[in-house]
$ cat structure_13.cif   # mmCIF, C-alpha atoms
data_coords
loop_
_atom_site.label_atom_id
_atom_site.label_comp_id
_atom_site.auth_asym_id
_atom_site.auth_seq_id
_atom_site.Cartn_x
_atom_site.Cartn_y
_atom_site.Cartn_z
CA MET A 1260 15.19 12.55 -4.03
CA LYS A 1261 11.41 12.86 -4.38
CA PRO A 1262 9.28 9.93 -3.14
CA LEU A 1263 8.13 9.03 -6.66
CA GLU A 1264 11.70 8.97 -7.98
CA LEU A 1265 12.75 6.86 -5.03
CA LEU A 1266 9.95 4.39 -5.78
CA GLU A 1267 10.80 4.21 -9.46
CA GLN A 1268 14.53 3.88 -8.91
CA GLY A 1269 14.16 0.93 -6.55
CA ARG A 1270 11.46 -0.87 -8.48
CA PHE A 1271 13.87 -3.34 -10.09
CA LEU A 1272 15.01 -4.45 -6.62
CA GLY A 1273 11.42 -5.29 -5.73
CA GLU A 1274 10.94 -7.18 -9.01
CA GLU A 1275 14.13 -9.17 -8.50
CA PHE A 1276 13.20 -9.87 -4.89
CA ILE A 1277 9.91 -11.41 -6.03
CA LEU A 1278 11.82 -13.51 -8.57
CA TRP A 1279 14.27 -14.58 -5.90
CA LEU A 1280 11.37 -15.60 -3.60
CA TRP A 1281 9.72 -17.41 -6.48
CA ARG A 1282 12.83 -19.41 -7.33
CA ARG A 1283 13.61 -20.14 -3.70
CA GLY A 1284 10.07 -21.35 -3.11
CA LEU A 1285 10.29 -23.84 -5.96
CA VAL A 1286 13.90 -24.92 -5.69
CA GLU A 1287 14.81 -24.57 -2.01
CA GLY A 1288 11.53 -25.11 -0.17
CA GLY A 1289 10.97 -21.41 0.44
CA ILE A 1290 13.48 -21.14 3.30
CA SER A 1291 15.03 -17.82 4.26
CA GLY A 1292 18.49 -19.33 4.68
CA VAL A 1293 18.84 -17.78 8.12
CA ASP A 1294 19.99 -20.21 10.85
CA GLY A 1295 17.15 -21.33 13.10
CA ASP A 1296 14.41 -19.90 10.88
CA THR A 1297 12.06 -22.66 9.81
CA SER A 1298 9.55 -20.43 8.04
CA ALA A 1299 8.81 -20.94 4.37
CA CYS A 1300 7.62 -18.57 1.66
CA PHE A 1301 6.16 -19.42 -1.73
CA VAL A 1302 4.72 -17.59 -4.67
CA ASP A 1303 1.07 -18.61 -4.66
CA ASP A 1304 -1.64 -18.55 -7.32
CA ALA A 1305 -1.33 -15.06 -8.81
CA VAL A 1306 1.57 -13.36 -10.57
CA THR A 1307 1.59 -10.25 -12.74
CA LEU A 1308 4.49 -9.82 -15.14
CA VAL A 1309 5.34 -6.60 -16.94
CA THR A 1310 7.70 -5.34 -19.59
CA GLU A 1311 8.28 -2.13 -21.48
CA ARG A 1312 9.12 -3.97 -24.71
CA GLY A 1313 7.03 -6.04 -27.09
CA ASP A 1314 3.35 -6.08 -27.95
CA VAL A 1315 2.16 -7.38 -24.59
CA LYS A 1316 3.10 -5.08 -21.72
CA GLU A 1317 1.41 -6.93 -18.89
CA LEU A 1318 0.58 -10.54 -18.31
CA SER A 1319 -1.62 -11.60 -15.42
CA LEU A 1320 -1.46 -15.27 -14.49
CA ARG A 1321 -4.03 -16.38 -11.95
CA LYS A 1322 -5.54 -19.54 -10.49
CA GLY A 1323 -4.06 -23.00 -10.90
CA ASN A 1324 -0.29 -23.00 -10.45
CA PRO A 1325 1.09 -19.99 -12.38
CA ALA A 1326 4.41 -20.12 -10.50
CA GLU A 1327 5.31 -23.32 -12.35
CA SER A 1328 3.51 -22.66 -15.59
CA ARG A 1329 5.18 -22.64 -18.97
CA GLU A 1330 3.48 -19.28 -19.69
CA ALA A 1331 5.28 -17.72 -16.74
CA PHE A 1332 8.72 -19.05 -17.71
CA GLU A 1333 8.25 -18.06 -21.34
CA ALA A 1334 7.40 -14.54 -20.23
CA LEU A 1335 10.41 -14.43 -17.90
CA SER A 1336 12.69 -15.68 -20.68
CA ARG A 1337 11.51 -12.78 -22.84
CA GLY A 1338 12.58 -10.36 -20.13
CA MET A 1339 9.21 -9.80 -18.43
CA ARG A 1340 9.53 -9.09 -14.73
CA PRO A 1341 7.10 -9.66 -11.87
CA SER A 1342 5.35 -6.48 -10.73
CA LYS A 1343 3.07 -8.24 -8.25
CA ALA A 1344 2.79 -11.71 -6.79
CA LYS A 1345 0.62 -13.36 -4.21
CA VAL A 1346 2.88 -14.94 -1.63
CA ARG A 1347 2.16 -17.48 1.08
CA LEU A 1348 4.19 -17.53 4.27
CA LEU A 1349 4.25 -20.40 6.71
CA ALA A 1350 5.82 -20.41 10.17
CA GLY A 1351 4.89 -23.23 12.52
CA ASP A 1352 1.11 -23.44 12.35
CA LEU A 1353 0.73 -19.80 11.37
CA GLU A 1354 -0.01 -18.75 7.81
CA TRP A 1355 -0.04 -15.41 6.06
CA THR A 1356 -0.92 -14.57 2.47
CA CYS A 1357 -0.52 -11.24 0.76
CA VAL A 1358 0.02 -9.62 -2.60
CA LEU A 1359 3.53 -8.22 -2.72
CA ASN A 1360 3.95 -5.16 -4.91
CA ALA A 1361 7.42 -4.85 -6.47
CA GLN A 1362 7.51 -1.06 -6.76
CA THR A 1363 6.53 -0.26 -3.20
CA LEU A 1364 6.91 -3.61 -1.39
CA ASP A 1365 3.41 -2.96 -0.05
CA THR A 1366 1.48 -5.92 1.24
CA GLY A 1367 -1.96 -5.92 -0.32
CA THR A 1368 -4.96 -8.02 0.78
CA MET A 1369 -2.93 -9.49 3.61
CA LYS A 1370 -4.59 -12.32 5.48
CA LEU A 1371 -3.25 -12.73 8.97
CA PRO A 1372 -3.39 -15.85 11.13
CA PRO A 1373 -6.57 -15.77 13.23
CA SER A 1374 -6.62 -13.94 16.55
CA GLN A 1375 -8.51 -15.38 19.51
CA ALA A 1376 -8.85 -12.00 21.23
CA LYS A 1377 -12.34 -10.65 21.79
CA ASP A 1378 -12.01 -7.04 23.00
CA PRO A 1379 -10.74 -4.36 20.60
CA GLN A 1380 -7.63 -3.56 22.65
CA SER A 1381 -6.37 -7.16 22.78
CA LYS A 1382 -7.45 -7.75 19.19
CA ILE A 1383 -5.50 -4.83 17.80
CA ALA A 1384 -2.45 -5.79 19.89
CA ASP A 1385 -2.70 -9.35 18.54
CA ARG A 1386 -3.16 -8.24 14.96
CA MET A 1387 -0.32 -5.72 15.06
CA PHE A 1388 1.94 -8.46 16.46
CA LEU A 1389 0.92 -10.90 13.72
CA LEU A 1390 1.28 -8.22 11.09
CA GLU A 1391 4.79 -7.37 12.20
CA GLU A 1392 5.66 -11.05 12.47
CA GLY A 1393 4.60 -11.68 8.86
CA VAL A 1394 6.43 -8.63 7.58
CA THR A 1395 9.54 -9.61 9.56
CA HIS A 1396 9.59 -12.96 7.74
CA LEU A 1397 9.50 -11.09 4.44
CA GLU A 1398 12.14 -8.58 5.55
CA ARG A 1399 14.48 -11.35 6.67
CA ARG A 1400 14.30 -12.66 3.13
CA PHE A 1401 14.71 -9.22 1.63
CA LEU A 1402 17.92 -8.78 3.64
CA ALA A 1403 19.25 -12.18 2.51
CA PHE A 1404 18.38 -11.24 -1.07
CA LEU A 1405 20.09 -7.84 -0.78
CA GLU A 1406 23.30 -9.32 0.52
CA VAL A 1407 23.69 -11.66 -2.43
CA ARG A 1408 22.40 -9.04 -4.86
CA ALA A 1409 24.90 -6.41 -3.72
CA GLN A 1410 27.89 -8.70 -3.31
CA ASP A 1411 27.55 -11.15 -6.15
CA PRO A 1412 25.04 -10.01 -8.77
CA GLU A 1413 26.58 -12.21 -11.50
CA THR A 1414 25.98 -15.40 -9.52
CA MET A 1415 22.42 -14.33 -8.76
CA ALA A 1416 21.77 -13.59 -12.44
CA GLU A 1417 23.21 -16.96 -13.46
CA GLU A 1418 21.14 -18.83 -10.86
CA LEU A 1419 17.95 -17.07 -11.95
CA LYS A 1420 18.68 -17.64 -15.63
CA ALA A 1421 19.43 -21.33 -15.05
CA TRP A 1422 16.14 -21.63 -13.17
CA ILE A 1423 14.22 -19.92 -15.97
CA ARG A 1424 15.86 -22.30 -18.50
CA GLN A 1425 14.91 -25.25 -16.32
CA GLY A 1426 11.35 -23.97 -16.05
CA LEU A 1427 11.14 -23.60 -19.82
CA ALA A 1428 12.40 -27.12 -20.30
CA GLY A 1429 9.68 -28.52 -18.08
CA GLY A 1430 11.83 -28.54 -14.91
CA PRO A 1431 11.32 -30.67 -11.85
CA ALA A 1432 7.58 -29.98 -11.65
CA LEU A 1433 6.01 -30.68 -8.29
CA ASP A 1434 2.92 -32.86 -8.06
CA GLU A 1435 1.35 -30.58 -5.51
CA ALA A 1436 1.84 -27.06 -4.26
CA PRO A 1437 4.83 -26.94 -1.87
CA TRP A 1438 2.73 -25.93 1.15
CA GLU A 1439 0.38 -28.84 0.65
CA GLY A 1440 3.10 -31.48 1.08
CA MET B 555 -10.78 -4.20 5.63
CA SER B 556 -9.48 -2.77 8.86
CA LEU B 557 -6.77 -3.15 11.44
CA LEU B 558 -9.33 -4.92 13.64
CA GLN B 559 -10.66 -7.53 11.26
CA GLY B 560 -10.45 -9.06 7.83
CA SER B 561 -7.68 -8.79 5.29
CA LEU B 562 -5.52 -5.70 5.13
CA SER B 563 -3.88 -3.69 2.38
CA LEU B 564 -1.08 -1.81 4.02
CA ARG B 565 1.41 0.79 3.03
CA ARG B 566 4.41 1.62 5.17
CA PHE B 567 6.09 4.99 5.59
CA LEU B 568 9.26 6.01 7.34
CA VAL B 569 8.56 8.84 9.80
CA LEU B 570 11.21 11.53 9.61
CA GLY B 571 11.26 13.98 12.50
CA PRO B 572 11.21 14.04 16.28
CA VAL B 573 8.72 11.73 18.00
CA PRO B 574 6.20 13.89 19.89
CA THR B 575 5.51 13.42 23.57
CA GLU B 576 2.09 12.00 24.39
CA GLU B 577 0.94 15.51 25.26
CA LEU B 578 2.08 16.94 21.90
CA LEU B 579 0.59 13.98 20.07
CA MET B 580 -2.79 14.65 21.65
CA GLU B 581 -2.46 18.37 20.98
CA GLY B 582 -1.86 17.66 17.28
CA LEU B 583 -4.85 15.31 17.15
CA ASP B 584 -7.06 17.80 18.93
CA GLN B 585 -5.98 20.72 16.75
CA ASP B 586 -6.59 18.84 13.50
CA GLN B 587 -9.50 16.66 14.59
CA PHE B 588 -12.15 16.07 11.99
CA ARG B 589 -14.73 18.85 11.87
CA PRO B 590 -18.00 18.20 10.05
CA PHE B 591 -19.14 20.38 7.15
CA GLN B 592 -20.96 23.56 8.05
CA ASP B 593 -21.92 26.44 5.79
CA GLY B 594 -19.82 27.13 2.75
CA GLN B 595 -19.02 25.36 -0.47
CA GLU B 596 -16.24 23.01 0.62
CA GLU B 597 -16.51 19.62 -1.04
CA GLU B 598 -13.91 17.85 1.10
CA ARG B 599 -12.93 17.86 4.75
CA MET B 600 -10.40 15.77 6.58
CA GLY B 601 -9.14 15.36 10.10
CA TRP B 602 -8.25 12.89 12.83
CA CYS B 603 -10.86 10.70 14.47
CA ASP B 604 -10.89 7.77 16.87
CA TRP B 605 -9.90 4.48 15.22
CA ARG B 606 -12.81 2.66 16.84
CA ASN B 607 -15.49 4.93 15.43
CA PRO B 608 -15.21 7.98 13.15
CA LEU B 609 -17.90 9.78 15.16
CA ILE B 610 -15.68 9.91 18.27
CA LEU B 611 -14.10 13.36 17.99
CA PRO B 612 -11.44 14.21 18.99
CA PRO B 613 -9.79 10.78 19.35
CA ASP B 614 -10.02 9.43 22.90
CA PRO B 615 -6.50 9.69 24.46
CA ASN B 616 -7.08 6.45 26.38
CA TRP B 617 -7.44 4.56 23.12
CA VAL B 618 -4.84 6.31 20.95
CA THR B 619 -1.75 4.80 22.57
CA GLN B 620 -1.65 1.04 22.30
CA ASP B 621 1.66 -0.38 23.51
CA ARG B 622 4.32 1.33 21.36
CA PHE B 623 1.80 2.34 18.69
CA ALA B 624 -0.36 5.40 18.28
CA ILE B 625 -3.49 4.19 16.51
CA LEU B 626 -5.43 6.86 14.66
CA GLY B 627 -8.25 7.26 12.22
CA LEU B 628 -8.05 9.76 9.39
CA ARG B 629 -11.54 10.70 8.30
CA ILE B 630 -11.99 12.19 4.85
CA ASP B 631 -15.52 13.35 4.03
CA THR B 632 -16.57 14.39 0.57
CA ARG B 633 -19.85 15.87 -0.58
CA LYS B 634 -20.80 16.61 -4.11
CA VAL B 635 -23.94 17.87 -5.77
CA PRO B 636 -24.85 15.53 -8.63
CA SER B 637 -24.09 17.45 -11.85
CA THR B 638 -27.44 16.54 -13.45
CA LEU B 639 -29.35 17.90 -10.47
CA LEU B 640 -27.24 21.06 -10.37
CA LYS B 641 -27.78 21.74 -14.08
CA ALA B 642 -31.50 21.02 -13.90
CA THR B 643 -31.97 23.28 -10.87
CA VAL B 644 -29.97 26.13 -12.40
CA ASP B 645 -31.90 25.84 -15.69
CA TYR B 646 -35.23 25.82 -13.84
CA ARG B 647 -34.32 28.88 -11.77
CA LEU B 648 -33.16 30.69 -14.93
CA MET B 649 -36.48 29.97 -16.60
CA GLN B 650 -38.31 31.32 -13.54
CA LEU B 651 -36.08 34.40 -13.44
CA MET B 652 -36.58 35.17 -17.12
CA SER B 653 -40.32 34.75 -16.75
CA GLU B 654 -40.48 37.02 -13.68
CA LYS B 655 -38.40 39.75 -15.29
CA GLU B 656 -39.97 39.21 -18.68
CA VAL B 657 -36.62 39.01 -20.42
CA GLY B 658 -35.38 36.50 -22.98
CA PHE B 659 -31.75 36.47 -21.93
CA VAL B 660 -29.66 36.34 -18.73
CA GLY B 661 -26.01 37.48 -18.77
CA LYS B 662 -23.06 35.17 -18.12
CA GLU B 663 -22.16 36.72 -14.78
CA ALA B 664 -25.70 36.45 -13.48
CA LYS B 665 -25.79 32.80 -14.60
CA LEU B 666 -22.54 32.04 -12.76
CA SER B 667 -23.75 33.81 -9.65
CA LEU B 668 -27.02 31.84 -9.74
CA GLN B 669 -25.08 28.61 -10.23
CA ASP B 670 -22.95 29.33 -7.13
CA GLU B 671 -26.04 30.17 -5.13
CA VAL B 672 -27.83 26.97 -6.20
CA LYS B 673 -24.75 24.86 -5.55
CA ALA B 674 -24.34 26.28 -2.02
CA GLU B 675 -28.01 25.65 -1.35
CA LEU B 676 -27.91 22.06 -2.61
CA LEU B 677 -24.63 21.30 -0.81
CA GLN B 678 -26.47 21.84 2.49
CA LYS B 679 -28.84 19.03 1.55
CA VAL B 680 -26.21 16.52 0.37
CA LEU B 681 -25.09 13.90 2.85
CA PRO B 682 -21.29 13.61 3.02
CA THR B 683 -19.59 10.34 2.08
CA PRO B 684 -17.11 9.48 4.81
CA LYS B 685 -13.95 7.46 4.24
CA VAL B 686 -11.81 6.34 7.15
CA VAL B 687 -8.17 5.47 6.76
CA GLU B 688 -6.46 3.72 9.63
CA VAL B 689 -3.00 4.61 10.81
CA ALA B 690 -0.69 2.75 13.20
CA TRP B 691 2.37 4.79 14.09
CA ASP B 692 5.17 2.79 15.66
CA LEU B 693 6.53 5.54 17.90
CA LYS B 694 9.66 3.58 18.81
CA GLY B 695 10.44 2.11 15.41
CA GLY B 696 9.73 5.31 13.45
CA VAL B 697 7.49 3.49 10.97
CA LEU B 698 3.88 4.22 10.11
CA TRP B 699 1.43 1.65 8.73
CA THR B 700 -1.66 2.79 6.97
CA THR B 701 -4.62 1.37 5.12
CA ALA B 702 -4.58 4.42 2.80
CA SER B 703 -4.34 2.80 -0.60
CA SER B 704 -5.19 5.57 -3.05
CA SER B 705 -2.64 8.26 -3.87
CA LYS B 706 -5.23 10.86 -2.86
CA ALA B 707 -5.62 9.38 0.63
CA GLN B 708 -1.85 8.97 0.99
CA SER B 709 -1.32 12.57 -0.03
CA ALA B 710 -3.96 13.73 2.48
CA LEU B 711 -2.28 11.70 5.20
CA THR B 712 1.20 13.04 4.40
CA THR B 713 -0.04 16.64 4.43
CA LEU B 714 -2.05 16.37 7.63
CA PHE B 715 0.68 14.39 9.40
CA MET B 716 3.20 17.16 8.71
CA LYS B 717 0.72 19.81 9.88
CA SER B 718 -0.24 18.01 13.09
CA PHE B 719 3.07 16.51 14.19
CA GLY B 720 5.77 18.23 12.13
CA CYS B 721 7.00 14.88 10.78
CA GLU B 722 7.59 13.95 7.15
CA LEU B 723 6.44 10.63 5.71
CA GLN B 724 8.55 8.82 3.13
CA PRO B 725 7.20 5.66 1.45
CA LEU B 726 9.20 2.66 2.66
CA ALA B 727 9.98 1.47 -0.85
CA PRO B 728 12.75 -1.01 -1.78
CA LEU B 729 15.69 1.42 -1.66
CA LEU B 730 14.70 2.99 1.67
CA LEU B 731 13.91 -0.39 3.16
CA ALA B 732 17.26 -1.70 1.94
CA GLY B 733 19.06 1.19 3.62
CA ARG B 734 17.18 0.51 6.84
CA LEU B 735 17.61 -3.27 6.89
CA ALA B 736 21.16 -3.42 5.59
CA PRO B 737 23.05 -0.38 6.85
CA HIS B 738 26.29 -2.31 6.23
CA ILE B 739 25.64 -2.16 2.49
CA ALA B 740 26.71 1.27 1.25
CA VAL B 741 23.82 3.38 -0.05
CA GLU B 742 25.96 4.42 -3.03
CA GLY B 743 26.46 0.73 -3.81
CA LEU B 744 22.71 0.12 -3.78
CA MET B 745 21.99 3.22 -5.86
CA ALA B 746 24.59 2.14 -8.41
CA LEU B 747 23.06 -1.30 -8.98
CA ASP B 748 21.61 -1.95 -12.42
CA PRO B 749 18.67 -4.27 -13.07
CA LEU B 750 19.77 -7.84 -13.87
CA ASP B 751 19.25 -8.81 -17.48
CA LEU B 752 17.45 -12.12 -17.22
CA SER B 753 16.17 -12.52 -20.75
CA LEU B 754 17.46 -15.63 -22.46
CA GLU B 755 19.18 -14.99 -25.76
CA GLU B 756 17.95 -18.20 -27.30
CA ALA B 757 14.33 -17.57 -26.28
#
$ encode --input "structure_13.cif" --output "structure tokens"
Amino acid sequence: MKPLELLEQGRFLGEEFILWLWRRGLVEGGISGVDGDTSACFVDDAVTLVTERGDVKELSLRKGNPAESREAFEALSRGMRPSKAKVRLLAGDLEWTCVLNAQTLDTGTMKLPPSQAKDPQSKIADRMFLLEEGVTHLERRFLAFLEVRAQDPETMAEELKAWIRQGLAGGPALDEAPWEG
Amino acid sequence: MSLLQGSLSLRRFLVLGPVPTEELLMEGLDQDQFRPFQDGQEEERMGWCDWRNPLILPPDPNWVTQDRFAILGLRIDTRKVPSTLLKATVDYRLMQLMSEKEVGFVGKEAKLSLQDEVKAELLQKVLPTPKVVEVAWDLKGGVLWTTASSSKAQSALTTLFMKSFGCELQPLAPLLLAGRLAPHIAVEGLMALDPLDLSLEEA
């Protein structure tokens, strides 16, 4: 299969993974569900939703709290799917943010936790470690998502639909962003 | 944005092919190191450079290998004669030529030949615009990270990587990543999955 076909064929998995992260961040504190992992991941202040149907093909929600906004849930209920989302990852006192792209699972504009190293050799070693650490947190979640997605897609669909309904109905809105608690 | 500082936009590729020895790696980098423009009408040149500074050519072997990574720079230089300047210069030369020869018309072939000549001349005066893409190749994990964000830069990287090291690069997109992270889930099963329909009927 050609690279472009491979990207296109797996795009829906990336979109559903973002949705799964989004729901988990709001409903389950952003945990990965893996024993011993205390990291948390949330959809932050930018989400882009797309669809091939309807008059509006792309909806970009930025600033404020788009992850809990009525606009976002209305779009999801109409079948729009996230193509990109800014995510925030927390592990201990380390924090990463990046824009996750559904089609490629690329991490755009990734901010890494600060490195204290001064010389280029130590700095690059530090940054590669932090980069891998952040991506490992995301991959751990992607694996957890895949297992449910492959084994029990009906339950996942029902959970996501129930969450979208709850979001449309006003849901258990949080007073502050989850990572600010 | 770079591997050394600031925020990063990264793309990951799976490296398919045998991992080269350090000697072969350096041979590949040396063979396809960046070479600055010389005579000729090329508008683009690319090649490997040192990740610390694109003027260090070929990459310094002492700095390429960092732990289990090979860190490289891919330098892509472009040079282009501004179209307005090219047209103005060609028109001016044509006017001079017609005046010298006392003719009122110059044939199409002669015009094209003059245009090539002027372009080659002006290209020598144009400063190239360098772009450096960073690459971190995890030699043990078989994964390559790159800051190449445009499809043009990614395509240049894929082509040069194959030429220098004989390895193919495949974008580590959801399906490939799934196969790598969850080998216990059958690939056929993953390929057969359909997107979930999450639209609400009543909405």
$ resolve_selection --input "structure_13.cif" --expression "the PyMOL selection byres ((chain A and resi 1307-1322) around 10)" --output "PyMOL selection string"
chain A and resi 1274+1303-1306+1323-1326+1328+1330-1331+1334-1335+1337-1345+1360
$ interface_residues --input "structure_13.cif" --of "chain B" --to "chain A" --cutoff "6 Å" --atoms "only C-alpha atoms" --output "list in words"
Leu558, Ser561, Leu562, Ser563, Leu564, Arg565, Ala727, Pro728, Leu729, Pro749, Leu752, Ser753 and Leu754 of chain B
$ resolve_selection --input "structure_13.cif" --expression "the PyMOL selection byres ((chain A and resi 1282) around 10)" --output "number ranges by chain"
A: 1276-1281, 1283-1289, 1301-1302, 1326-1327, 1418-1419, 1422-1423, 1426
$ atom_distance --input "structure_13.cif" --atom1 "CA of Trp602 in chain B" --atom2 "CA of Gly695 in chain B"
21.7 Å
$ resolve_selection --input "structure_13.cif" --expression "the PyMOL selection byres ((chain B and resi 622-636) around 6)" --output "ChimeraX atom specification"
/B:597-605,618-621,637-639,682-693
$ closest_residue --input "structure_13.cif" --among "B:Asp748, B:Asp593, B:Asp614, B:Glu671" --to "Glu581 in chain B" --atoms "only C-alpha atoms"
B:Asp614
$ atom_distance --input "structure_13.cif" --atom1 "CA of Lys679 in chain B" --atom2 "CA of Pro590 in chain B"
13.8 Å
$ atom_distance --input "structure_13.cif" --atom1 "CA of Ala1376 in chain A" --atom2 "CA of Gly696 in chain B"
26.6 Å
$ residues_around --input "structure_13.cif" --residues "range 721-723 of chain B" --least-positions-apart "5" --cutoff "6 Å" --atoms "only C-alpha atoms" --output "VMD selection string"
chain B and resid 567 to 571 712 716
$ axis_aligned_box --input "structure_13.cif" --around "range 649-662 of chain B" --padding-each-side "6 Å" --output "JSON"
{"center_x": -31.8, "center_y": 34.9, "center_z": -18.2, "size_x": 29.4, "size_y": 21.8, "size_z": 21.5}
$ closest_residue --input "structure_13.cif" --among "A:Ser1298, A:Asp1411, A:Gln1425, A:Ser1291" --to "Gly1351 in chain A" --atoms "all atoms listed in the file"
A:Ser1298
